[in-house]
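**Q** Hey, dropping query30.csv in here, CSV, C-alpha atoms (C1' of nucleotides):
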chain,number,residue,atom,x,y,z
A,1,MET,CA,17.7,57.1,83.0
A,2,ASP,CA,20.0,58.0,80.2
A,3,ARG,CA,19.7,61.7,81.0
A,4,LEU,CA,20.5,61.1,84.6
A,5,ASP,CA,23.6,59.4,83.6
A,6,SER,CA,24.6,62.1,81.2
A,7,SER,CA,24.1,64.8,83.8
A,8,LEU,CA,26.1,62.9,86.4
A,9,ILE,CA,28.9,62.4,84.0
A,10,ALA,CA,28.8,66.0,83.1
A,11,LEU,CA,28.9,66.9,86.7
A,12,ARG,CA,31.9,64.7,87.1
A,13,ARG,CA,33.7,66.3,84.3
A,14,ILE,CA,33.2,69.6,85.9
A,15,LEU,CA,34.5,68.4,89.2
A,16,ARG,CA,37.4,66.7,87.7
A,17,ALA,CA,38.3,69.9,85.8
A,18,THR,CA,38.4,71.9,88.9
A,19,GLU,CA,40.5,69.3,90.6
A,20,LEU,CA,43.0,69.3,87.8
A,21,PHE,CA,43.1,73.0,87.7
A,22,GLY,CA,43.8,73.0,91.4
A,23,ARG,CA,46.9,71.0,90.7
A,24,GLU,CA,47.9,73.4,87.9
A,25,LEU,CA,47.5,76.3,90.2
A,26,LYS,CA,49.9,74.6,92.7
A,27,GLN,CA,52.4,74.0,90.0
A,28,VAL,CA,52.2,77.4,88.4
A,29,ALA,CA,51.8,79.7,91.3
A,30,GLY,CA,53.3,77.6,94.1
A,31,ILE,CA,50.3,78.0,96.2
A,32,THR,CA,47.7,75.3,96.9
A,33,PRO,CA,44.0,76.0,96.3
A,34,VAL,CA,43.3,75.7,100.0
A,35,GLN,CA,46.0,78.2,100.9
A,36,PHE,CA,44.8,80.4,98.2
A,37,ARG,CA,41.4,80.4,99.5
A,38,ALA,CA,42.5,81.2,103.0
A,39,LEU,CA,44.5,84.0,101.7
A,40,GLN,CA,41.5,85.4,99.8
A,41,ILE,CA,39.5,85.4,103.0
A,42,ILE,CA,42.3,87.1,104.9
A,43,ASP,CA,42.5,89.7,102.2
A,44,GLU,CA,38.8,90.3,102.0
A,45,THR,CA,38.2,90.7,105.6
A,46,GLY,CA,41.3,92.9,106.2
A,47,GLN,CA,41.9,91.6,109.7
A,48,THR,CA,40.7,88.1,110.1
A,49,THR,CA,40.7,85.8,113.1
A,50,ALA,CA,41.4,82.1,113.0
A,51,LYS,CA,37.8,81.5,113.9
A,52,GLU,CA,36.5,83.5,111.0
A,53,ILE,CA,38.6,81.6,108.5
A,54,SER,CA,37.6,78.3,110.1
A,55,GLN,CA,33.9,79.2,109.8
A,56,ARG,CA,34.1,80.4,106.3
A,57,MET,CA,36.1,77.5,105.1
A,58,ARG,CA,34.2,75.0,107.2
A,59,VAL,CA,37.3,73.4,108.7
A,60,SER,CA,38.4,73.1,112.2
A,61,GLN,CA,40.4,75.6,114.0
A,62,ALA,CA,43.3,73.2,114.2
A,63,THR,CA,43.3,73.1,110.5
A,64,VAL,CA,43.3,76.8,110.2
A,65,THR,CA,46.3,77.0,112.5
A,66,SER,CA,48.3,74.7,110.3
A,67,LEU,CA,47.1,76.6,107.2
A,68,VAL,CA,48.1,79.9,108.6
A,69,ASP,CA,51.4,78.5,109.8
A,70,LYS,CA,52.2,77.7,106.2
A,71,LEU,CA,51.1,81.2,104.9
A,72,VAL,CA,53.2,82.8,107.6
A,73,ARG,CA,56.2,80.5,106.8
A,74,ASP,CA,55.9,81.6,103.2
A,75,GLY,CA,55.6,85.3,104.0
A,76,MET,CA,52.1,85.6,102.8
A,77,ALA,CA,50.5,86.4,106.1
A,78,LEU,CA,51.2,87.7,109.6
A,79,ARG,CA,49.8,87.0,113.1
A,80,GLU,CA,49.2,89.7,115.5
A,81,LYS,CA,47.7,89.5,119.0
A,82,SER,CA,44.6,91.5,119.4
A,83,ALA,CA,44.9,94.3,121.9
A,84,LEU,CA,41.2,94.2,122.8
A,85,ASP,CA,40.7,90.6,123.3
A,86,ARG,CA,44.1,89.0,123.9
A,87,ARG,CA,42.8,85.5,123.3
A,88,GLN,CA,42.3,86.5,119.7
A,89,THR,CA,45.0,86.7,117.0
A,90,HIS,CA,44.5,88.9,114.0
A,91,ILE,CA,45.7,87.5,110.8
A,92,LEU,CA,46.9,90.0,108.3
A,93,ILE,CA,48.0,89.6,104.7
A,94,THR,CA,51.4,90.8,103.7
A,95,GLN,CA,52.6,92.6,100.6
A,96,LYS,CA,53.8,89.4,99.2
A,97,GLY,CA,50.4,87.8,100.0
A,98,SER,CA,48.6,90.6,98.2
A,99,GLN,CA,50.9,90.3,95.3
A,100,THR,CA,50.4,86.6,95.0
A,101,LEU,CA,46.6,87.1,95.1
A,102,GLY,CA,46.8,89.7,92.5
A,103,GLU,CA,49.2,88.0,90.2
A,104,THR,CA,48.0,84.5,90.4
A,105,PRO,CA,46.1,83.5,87.4
A,106,ASP,CA,43.5,81.1,88.5
A,107,PRO,CA,43.6,78.8,85.5
A,108,LEU,CA,40.1,77.5,86.1
A,109,GLN,CA,38.5,80.8,86.4
A,110,GLN,CA,40.4,82.2,83.5
A,111,ARG,CA,39.4,79.4,81.2
A,112,PHE,CA,35.8,79.6,82.3
A,113,VAL,CA,35.6,83.4,82.0
A,114,ARG,CA,37.0,83.3,78.5
A,115,LYS,CA,34.7,80.7,77.2
A,116,PHE,CA,31.8,82.1,79.0
A,117,SER,CA,32.4,85.5,77.5
A,118,GLU,CA,32.3,84.1,74.0
A,119,LEU,CA,28.8,82.9,74.4
A,120,ALA,CA,25.7,84.8,73.2
A,121,ASP,CA,23.7,86.7,75.6
A,122,TRP,CA,20.8,84.3,75.8
A,123,GLU,CA,23.2,81.4,76.2
A,124,GLN,CA,24.9,83.0,79.2
A,125,ALA,CA,21.5,83.6,80.8
A,126,MET,CA,20.5,80.0,80.2
A,127,ILE,CA,23.7,78.6,81.7
A,128,VAL,CA,23.5,80.7,84.8
A,129,ALA,CA,19.9,79.7,85.3
A,130,ASN,CA,20.7,76.0,84.9
A,131,LEU,CA,23.9,76.1,87.1
A,132,GLU,CA,21.9,77.8,89.8
A,133,ARG,CA,19.3,75.2,89.5
A,134,VAL,CA,21.7,72.4,89.9
A,135,ALA,CA,23.4,74.1,92.7
A,136,ALA,CA,20.1,74.4,94.5
A,137,MET,CA,19.5,70.7,93.9
A,138,LEU,CA,22.8,69.8,95.5
A,139,ASP,CA,22.9,72.3,98.3
A,140,ALA,CA,21.8,70.3,101.3
A,141,ASP,CA,19.4,72.0,103.6
A,142,GLU,CA,21.7,71.7,106.5
A,143,ILE,CA,24.2,73.7,104.6
A,144,ASP,CA,23.8,77.4,104.6
A,145,ALA,CA,24.0,79.4,101.5
A,146,SER,CA,27.4,80.9,102.1
A,147,PRO,CA,29.3,80.7,98.8
A,148,VAL,CA,32.5,79.5,100.4
A,149,LEU,CA,34.2,76.4,99.5
A,150,GLN,CA,37.5,74.8,100.1
A,151,THR,CA,38.7,72.6,97.3
A,152,GLY,CA,39.2,73.8,93.7
A,153,GLU,CA,38.3,77.2,94.8
A,154,ILE,CA,37.3,79.6,92.2
A,155,LYS,CA,38.7,83.1,92.5
A,156,LEU,CA,36.2,85.7,92.3
A,157,SER,CA,37.0,89.4,92.1
A,158,SER,CA,33.7,90.8,93.4
A,159,GLU,CA,33.1,88.3,96.1
A,160,MET,CA,30.2,88.6,98.5
B,1,MET,CA,29.6,90.8,84.1
B,2,ASP,CA,27.0,90.1,86.6
B,3,ARG,CA,26.2,86.9,84.9
B,4,LEU,CA,29.7,85.7,85.1
B,5,ASP,CA,29.8,86.2,88.8
B,6,SER,CA,26.5,84.4,89.2
B,7,SER,CA,27.7,81.5,87.2
B,8,LEU,CA,31.0,81.3,89.1
B,9,ILE,CA,29.1,81.4,92.4
B,10,ALA,CA,26.8,78.7,91.2
B,11,LEU,CA,29.8,76.6,90.2
B,12,ARG,CA,31.2,77.1,93.6
B,13,ARG,CA,28.1,76.0,95.3
B,14,ILE,CA,28.1,72.8,93.3
B,15,LEU,CA,31.7,72.2,94.2
B,16,ARG,CA,31.2,72.9,97.8
B,17,ALA,CA,28.2,70.6,97.9
B,18,THR,CA,30.2,67.7,96.5
B,19,GLU,CA,33.0,68.4,98.9
B,20,LEU,CA,30.7,68.3,101.9
B,21,PHE,CA,28.9,65.3,100.6
B,22,GLY,CA,32.3,63.6,100.4
B,23,ARG,CA,32.8,64.2,104.1
B,24,GLU,CA,29.4,62.8,104.8
B,25,LEU,CA,30.2,59.7,102.8
B,26,LYS,CA,33.3,59.2,104.9
B,27,GLN,CA,31.4,59.6,108.1
B,28,VAL,CA,28.4,57.4,107.1
B,29,ALA,CA,30.1,54.7,105.1
B,30,GLY,CA,33.6,54.7,106.6
B,31,ILE,CA,35.1,55.0,103.2
B,32,THR,CA,36.7,58.0,101.6
B,33,PRO,CA,35.5,59.3,98.3
B,34,VAL,CA,38.9,58.5,96.7
B,35,GLN,CA,38.9,54.9,98.0
B,36,PHE,CA,35.3,54.6,96.9
B,37,ARG,CA,36.2,55.7,93.4
B,38,ALA,CA,39.1,53.3,93.2
B,39,LEU,CA,36.8,50.5,94.3
B,40,GLN,CA,34.3,51.4,91.6
B,41,ILE,CA,37.0,51.2,89.0
B,42,ILE,CA,38.1,47.8,90.3
B,43,ASP,CA,34.6,46.6,90.3
B,44,GLU,CA,33.8,47.8,86.8
B,45,THR,CA,36.8,46.4,85.2
B,46,GLY,CA,36.6,43.1,87.0
B,47,GLN,CA,40.3,42.6,87.1
B,48,THR,CA,42.2,45.8,87.1
B,49,THR,CA,45.8,46.7,87.2
B,50,ALA,CA,47.4,49.4,89.2
B,51,LYS,CA,48.2,51.1,86.0
B,52,GLU,CA,44.7,51.2,84.8
B,53,ILE,CA,43.5,52.7,88.1
B,54,SER,CA,46.3,55.2,88.0
B,55,GLN,CA,45.3,56.3,84.5
B,56,ARG,CA,41.6,56.5,85.1
B,57,MET,CA,42.0,58.4,88.3
B,58,ARG,CA,44.9,60.4,87.0
B,59,VAL,CA,47.1,59.9,89.9
B,60,SER,CA,50.6,58.4,90.0
B,61,GLN,CA,51.2,54.7,90.4
B,62,ALA,CA,52.7,55.4,93.8
B,63,THR,CA,49.4,56.8,94.9
B,64,VAL,CA,47.5,53.8,93.6
B,65,THR,CA,49.8,51.5,95.6
B,66,SER,CA,49.0,53.3,98.8
B,67,LEU,CA,45.3,53.5,97.9
B,68,VAL,CA,45.1,49.8,97.2
B,69,ASP,CA,47.1,49.1,100.3
B,70,LYS,CA,44.2,50.6,102.3
B,71,LEU,CA,41.6,48.8,100.4
B,72,VAL,CA,43.4,45.5,101.0
B,73,ARG,CA,43.9,46.3,104.6
B,74,ASP,CA,40.2,46.9,105.0
B,75,GLY,CA,39.3,43.7,103.2
B,76,MET,CA,37.7,45.4,100.2
B,77,ALA,CA,40.2,44.3,97.6
B,78,LEU,CA,42.8,41.7,96.9
B,79,ARG,CA,46.1,41.6,94.9
B,80,GLU,CA,47.0,38.7,92.7
B,81,LYS,CA,50.1,38.3,90.5
B,82,SER,CA,49.3,38.0,86.9
B,83,ALA,CA,50.3,34.6,85.4
B,84,LEU,CA,50.7,36.0,81.9
B,85,ASP,CA,52.8,39.0,82.7
B,86,ARG,CA,54.3,38.6,86.0
B,87,ARG,CA,55.2,42.2,86.4
B,88,GLN,CA,51.5,42.9,86.6
B,89,THR,CA,49.3,42.6,89.6
B,90,HIS,CA,45.6,42.1,89.2
B,91,ILE,CA,43.5,43.8,91.7
B,92,LEU,CA,40.2,42.2,92.5
B,93,ILE,CA,37.3,43.3,94.5
B,94,THR,CA,36.2,41.2,97.5
B,95,GLN,CA,32.7,40.3,98.6
B,96,LYS,CA,33.0,42.9,101.3
B,97,GLY,CA,34.1,45.4,98.7
B,98,SER,CA,31.1,44.7,96.5
B,99,GLN,CA,28.9,44.9,99.5
B,100,THR,CA,30.2,48.3,100.4
B,101,LEU,CA,29.8,49.5,96.9
B,102,GLY,CA,26.3,48.2,96.8
B,103,GLU,CA,25.2,49.4,100.2
B,104,THR,CA,26.9,52.7,100.3
B,105,PRO,CA,24.4,55.4,99.8
B,106,ASP,CA,26.2,58.1,98.0
B,107,PRO,CA,24.5,61.1,99.5
B,108,LEU,CA,25.3,63.4,96.7
B,109,GLN,CA,24.1,61.1,94.1
B,110,GLN,CA,21.0,60.2,96.0
B,111,ARG,CA,20.1,63.8,96.4
B,112,PHE,CA,20.7,64.7,92.9
B,113,VAL,CA,18.9,61.7,91.5
B,114,ARG,CA,15.9,62.5,93.5
B,115,LYS,CA,15.7,66.1,92.6
B,116,PHE,CA,16.5,65.4,89.0
B,117,SER,CA,13.8,62.9,88.7
B,118,GLU,CA,11.2,65.3,89.9
B,119,LEU,CA,11.9,67.6,87.0
B,120,ALA,CA,9.8,67.8,83.8
B,121,ASP,CA,11.2,66.1,80.8
B,122,TRP,CA,12.2,69.3,79.0
B,123,GLU,CA,13.9,70.6,82.1
B,124,GLN,CA,16.0,67.5,82.4
B,125,ALA,CA,17.0,67.8,78.8
B,126,MET,CA,18.0,71.4,79.3
B,127,ILE,CA,20.0,70.8,82.4
B,128,VAL,CA,21.9,68.0,80.7
B,129,ALA,CA,22.7,70.1,77.8
B,130,ASN,CA,23.9,73.0,79.9
B,131,LEU,CA,25.9,70.9,82.2
B,132,GLU,CA,27.6,69.3,79.3
B,133,ARG,CA,28.3,72.7,77.9
B,134,VAL,CA,29.9,73.9,81.1
B,135,ALA,CA,31.9,70.7,81.3
B,136,ALA,CA,33.2,71.2,77.8
B,137,MET,CA,34.2,74.8,78.7
B,138,LEU,CA,36.2,73.6,81.7
B,139,ASP,CA,37.7,70.5,80.3
B,140,ALA,CA,41.1,71.5,79.3
B,141,ASP,CA,42.2,70.3,75.9
B,142,GLU,CA,45.1,68.4,77.3
B,143,ILE,CA,42.6,66.4,79.3
B,144,ASP,CA,40.9,63.6,77.4
B,145,ALA,CA,37.1,63.2,77.7
B,146,SER,CA,37.1,60.2,80.1
B,147,PRO,CA,34.5,60.9,82.6
B,148,VAL,CA,36.6,59.9,85.5
B,149,LEU,CA,37.4,62.0,88.5
B,150,GLN,CA,38.9,61.7,91.9
B,151,THR,CA,37.4,64.0,94.4
B,152,GLY,CA,33.8,64.1,95.5
B,153,GLU,CA,33.2,61.2,93.2
B,154,ILE,CA,29.7,60.5,92.1
B,155,LYS,CA,28.5,57.0,92.2
B,156,LEU,CA,27.0,55.9,89.0
B,157,SER,CA,25.4,52.6,88.5
B,158,SER,CA,25.6,52.3,84.8
B,159,GLU,CA,28.9,54.0,84.3
B,160,MET,CA,30.3,55.1,80.9
C,1,DC,C1',72.3,37.8,76.2
C,2,DC,C1',72.3,42.5,77.5
C,3,DA,C1',70.0,47.0,77.6
C,4,DT,C1',65.9,49.2,77.9
C,5,DT,C1',61.2,49.5,79.0
C,6,DT,C1',57.4,48.4,81.8
C,7,DG,C1',54.8,47.6,86.1
C,8,DC,C1',54.8,47.9,90.6
C,9,DT,C1',56.5,49.0,95.4
C,10,DT,C1',59.2,51.4,98.8
C,11,DC,C1',60.9,55.5,100.8
C,12,DG,C1',60.7,60.1,102.3
C,13,DA,C1',58.2,64.3,101.9
C,14,DT,C1',54.4,67.5,102.0
C,15,DA,C1',49.5,69.1,102.5
C,16,DA,C1',45.1,68.9,104.5
C,17,DT,C1',42.5,67.4,107.9
C,18,DC,C1',40.7,66.1,112.5
C,19,DG,C1',39.9,65.4,117.7
C,20,DA,C1',41.7,65.8,122.1
C,21,DA,C1',44.3,68.0,125.3
C,22,DG,C1',46.6,72.2,126.8
C,23,DT,C1',47.2,77.5,127.6
C,24,DA,C1',45.6,82.0,128.0
C,25,DT,C1',42.1,85.2,128.7
C,26,DT,C1',37.5,86.9,129.2
C,27,DG,C1',33.3,87.2,131.5
C,28,DC,C1',29.7,86.0,134.4
C,29,DA,C1',27.7,84.7,138.9
C,30,DA,C1',27.5,84.1,143.5
D,1,DT,C1',36.0,89.5,144.4
D,2,DT,C1',37.0,85.2,143.5
D,3,DG,C1',36.5,81.5,140.8
D,4,DC,C1',34.6,78.6,137.3
D,5,DA,C1',32.8,78.2,132.6
D,6,DA,C1',33.3,79.7,128.0
D,7,DT,C1',36.2,81.3,124.2
D,8,DA,C1',40.2,81.6,121.1
D,9,DC,C1',43.9,79.5,119.8
D,10,DT,C1',47.9,76.1,119.6
D,11,DT,C1',50.1,71.7,120.1
D,12,DC,C1',50.2,66.9,119.5
D,13,DG,C1',49.4,62.7,117.4
D,14,DA,C1',47.1,60.5,113.8
D,15,DT,C1',45.2,59.6,109.1
D,16,DT,C1',44.6,60.2,104.1
D,17,DA,C1',46.1,61.7,99.7
D,18,DT,C1',49.6,62.8,96.9
D,19,DC,C1',54.1,62.9,94.6
D,20,DG,C1',59.0,62.0,92.8
D,21,DA,C1',62.9,59.3,93.0
D,22,DA,C1',65.0,55.1,93.5
D,23,DG,C1',64.6,50.2,93.5
D,24,DC,C1',63.3,45.5,91.8
D,25,DA,C1',61.6,42.2,88.8
D,26,DA,C1',60.0,40.7,84.5
D,27,DA,C1',59.4,41.3,79.5
D,28,DT,C1',61.1,42.6,75.1
D,29,DG,C1',63.9,44.0,71.3
D,30,DG,C1',68.0,44.1,69.3
Take the structure from the file and write it as structure tokens.
**A**
Amino acid sequence: MDRLDSSLIALRRILRATELFGRELKQVAGITPVQFRALQIIDETGQTTAKEISQRMRVSQATVTSLVDKLVRDGMALREKSALDRRQTHILITQKGSQTLGETPDPLQQRFVRKFSELADWEQAMIVANLERVAAMLDADEIDASPVLQTGEIKLSSEM
Amino acid sequence: MDRLDSSLIALRRILRATELFGRELKQVAGITPVQFRALQIIDETGQTTAKEISQRMRVSQATVTSLVDKLVRDGMALREKSALDRRQTHILITQKGSQTLGETPDPLQQRFVRKFSELADWEQAMIVANLERVAAMLDADEIDASPVLQTGEIKLSSEM
DNA sequence: CCATTTGCTTCGATAATCGAAGTATTGCAA
DNA sequence: TTGCAATACTTCGATTATCGAAGCAAATGG
């Protein structure tokens, strides 16, 4: 049972770290992790809809509306009615948005990347295998495998 | 670099799972993860102060006040002025609070515990070692090693 | 005994989140 | 074709979590 405790504590530490890095992100870059995540999705998809964001972030459309409101308010994104289906609204990233995405140093990722890179090859392989194992243990069946997440989001350059 | 991506994706999956389990907890048990965490701390310490909770959860005292307000409102906790130092307020858990703690099935922990228990001995050891390693990589230096965390909290019977 | 520190609450603000209700618009079916 | 259901989104009202600043009361140290 000792091992179980240790593993849970380690998991906690990981979660806490992401949480705290989220706050740091907010301080440093003036954007919240959630907004950052939405912006990433808008950027990736080029021309997103509220529905798309809502599905990928697994939040309600109402939430997306308020999120996009904030991005628009801050000049990071734009809304544009779709010509084809006028119920839809396309959401576009602005220059400023791209710039923010590009410049924002995600402190969590940076730290992890740095430390990870310092490891020996076999160590990296082992860590990946184990992280994936744990992820598989936690991923509930009802939850599909989409690698999207809302809190303490990790910025990934080459994202699915 | 592929490994880095894999590890980041796995990390994400872990974070997302905890996030979603947090929501489940709220639905099922009617208590939010944050409140649950506060309640755990109150329970563990027997007679906590707002300051203690604030430090362990790493949130401001103002936040703790509002958190405890909710716990008190819901009959999970009580406030009691300290006789020794009358600036302090002791925060106590109520019967209902204990009951909630005891009965609440933390879905994340349950799942993890079950899966973890199924593993072979050496696998468990390896996972612990690797999780701890990752935790160490993410734990910023400024952050002390206390295994406390606020979001997607994992319930631990024999904590710390 | 006064000034400072400490512990906590109050106030006002913001973000994230939801469900329900409302507004267009599309699309299918009779 | 007309009309009703489904779809896409917003608005509204509510809740939680969170903070900083300001306030109040008690302790403590000169």
**Q** Taking only C-alpha atoms (C1' of nucleotides) into account and nothing else, which residues of chain A lie no more than 12 Å away from chain D? Please answer as a short mmCIF file (atom, residue, chain, number, x, y, z; two decimals) with C-alpha atoms, keeping the file's coordinate frame.
**A**
data_model
loop_
_atom_site.label_atom_id
_atom_site.label_comp_id
_atom_site.auth_asym_id
_atom_site.auth_seq_id
_atom_site.Cartn_x
_atom_site.Cartn_y
_atom_site.Cartn_z
CA ARG A 23 46.90 71.00 90.70
CA THR A 49 40.70 85.80 113.10
CA ALA A 50 41.40 82.10 113.00
CA LYS A 51 37.80 81.50 113.90
CA GLU A 52 36.50 83.50 111.00
CA SER A 54 37.60 78.30 110.10
CA SER A 60 38.40 73.10 112.20
CA GLN A 61 40.40 75.60 114.00
CA ALA A 62 43.30 73.20 114.20
CA THR A 63 43.30 73.10 110.50
CA VAL A 64 43.30 76.80 110.20
CA THR A 65 46.30 77.00 112.50
CA SER A 66 48.30 74.70 110.30
CA VAL A 68 48.10 79.90 108.60
CA ASP A 69 51.40 78.50 109.80
CA ARG A 79 49.80 87.00 113.10
CA LYS A 81 47.70 89.50 119.00
CA SER A 82 44.60 91.50 119.40
CA ASP A 85 40.70 90.60 123.30
CA ARG A 86 44.10 89.00 123.90
CA ARG A 87 42.80 85.50 123.30
CA GLN A 88 42.30 86.50 119.70
CA THR A 89 45.00 86.70 117.00
CA HIS A 90 44.50 88.90 114.00
#
**Q** Between CA of Ala120 in chain B and CA of Ala135 in chain B, what is the distance, to one decimal in Å?
**A** 22.4 Å
**Q** In Å, rounded to a single decimal, give me how far CA of Thr104 in chain B is from CA of Ala10 in chain B.
**A** 27.5 Å
**Q** What residues have an atom no more than 6 Å from (52.1, 86.0, 99.7) in the file's own frame, counting all atoms listed in the file, and can you write them as a list in words?
**A** Gly75, Met76, Lys96, Gly97, Ser98 and Thr100 of chain A
**Q** Give me the chain C side of the contact with chain A, cut-off 10 Å, one line per residue showing its nearest atom pair and distance in Å at one decimal, counting all atoms listed in the file, sorted by chain and residue number, as JSON lines.
**A**
{"residue": "C:DA15", "atom": "C1'", "partner": "A:Thr32", "partner_atom": "CA", "distance": 8.5}
{"residue": "C:DA16", "atom": "C1'", "partner": "A:Thr63", "partner_atom": "CA", "distance": 7.5}
{"residue": "C:DT17", "atom": "C1'", "partner": "A:Thr63", "partner_atom": "CA", "distance": 6.3}
{"residue": "C:DC18", "atom": "C1'", "partner": "A:Ser60", "partner_atom": "CA", "distance": 7.4}
{"residue": "C:DG19", "atom": "C1'", "partner": "A:Ala62", "partner_atom": "CA", "distance": 9.2}
{"residue": "C:DA24", "atom": "C1'", "partner": "A:Arg87", "partner_atom": "CA", "distance": 6.5}
{"residue": "C:DT25", "atom": "C1'", "partner": "A:Arg87", "partner_atom": "CA", "distance": 5.5}
{"residue": "C:DT26", "atom": "C1'", "partner": "A:Asp85", "partner_atom": "CA", "distance": 7.7}
**Q** Taking a cut-off of 7 Å and counting all atoms listed in the file, can you build a table that, for each residue of chain A near chain B, reports the nearest atom pair and how far apart they are in Å (one decimal), sorted by chain then residue number, as JSON lines?
**A**
{"residue": "A:Arg3", "atom": "CA", "partner": "B:Val128", "partner_atom": "CA", "distance": 6.7}
{"residue": "A:Ser6", "atom": "CA", "partner": "B:Val128", "partner_atom": "CA", "distance": 6.5}
{"residue": "A:Ser7", "atom": "CA", "partner": "B:Val128", "partner_atom": "CA", "distance": 5.0}
{"residue": "A:Ile9", "atom": "CA", "partner": "B:Pro147", "partner_atom": "CA", "distance": 6.0}
{"residue": "A:Ala10", "atom": "CA", "partner": "B:Glu132", "partner_atom": "CA", "distance": 5.2}
{"residue": "A:Leu11", "atom": "CA", "partner": "B:Leu131", "partner_atom": "CA", "distance": 6.7}
{"residue": "A:Arg12", "atom": "CA", "partner": "B:Leu149", "partner_atom": "CA", "distance": 6.3}
{"residue": "A:Arg13", "atom": "CA", "partner": "B:Ala135", "partner_atom": "CA", "distance": 5.6}
{"residue": "A:Ile14", "atom": "CA", "partner": "B:Ala135", "partner_atom": "CA", "distance": 4.9}
{"residue": "A:Leu15", "atom": "CA", "partner": "B:Leu15", "partner_atom": "CA", "distance": 6.9}
{"residue": "A:Arg16", "atom": "CA", "partner": "B:Leu149", "partner_atom": "CA", "distance": 4.8}
{"residue": "A:Ala17", "atom": "CA", "partner": "B:Asp139", "partner_atom": "CA", "distance": 5.6}
{"residue": "A:Arg111", "atom": "CA", "partner": "B:Leu138", "partner_atom": "CA", "distance": 6.6}
{"residue": "A:Phe112", "atom": "CA", "partner": "B:Leu138", "partner_atom": "CA", "distance": 6.0}
{"residue": "A:Lys115", "atom": "CA", "partner": "B:Met137", "partner_atom": "CA", "distance": 6.1}
{"residue": "A:Ile127", "atom": "CA", "partner": "B:Asn130", "partner_atom": "CA", "distance": 5.9}
{"residue": "A:Val128", "atom": "CA", "partner": "B:Ser7", "partner_atom": "CA", "distance": 4.9}
{"residue": "A:Asn130", "atom": "CA", "partner": "B:Ile127", "partner_atom": "CA", "distance": 5.8}
{"residue": "A:Leu131", "atom": "CA", "partner": "B:Ala10", "partner_atom": "CA", "distance": 5.7}
{"residue": "A:Glu132", "atom": "CA", "partner": "B:Ala10", "partner_atom": "CA", "distance": 5.2}
{"residue": "A:Ala135", "atom": "CA", "partner": "B:Ile14", "partner_atom": "CA", "distance": 4.9}
{"residue": "A:Met137", "atom": "CA", "partner": "B:Lys115", "partner_atom": "CA", "distance": 6.1}
{"residue": "A:Leu138", "atom": "CA", "partner": "B:Ala17", "partner_atom": "CA", "distance": 6.0}
{"residue": "A:Asp139", "atom": "CA", "partner": "B:Ala17", "partner_atom": "CA", "distance": 5.6}
{"residue": "A:Pro147", "atom": "CA", "partner": "B:Arg13", "partner_atom": "CA", "distance": 6.0}
{"residue": "A:Leu149", "atom": "CA", "partner": "B:Arg16", "partner_atom": "CA", "distance": 4.9}
{"residue": "A:Gln150", "atom": "CA", "partner": "B:Arg16", "partner_atom": "CA", "distance": 7.0}
{"residue": "A:Ile154", "atom": "CA", "partner": "B:Arg12", "partner_atom": "CA", "distance": 6.7}
**Q** Can you tell me how far CA of Gly30 in chain B sits from C1' of DA21 in chain C, in Å to one decimal?
**A**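 Straight-line distance from CA of Gly30 in chain B to C1' of DA21 in chain C works out to 25.3 Å.
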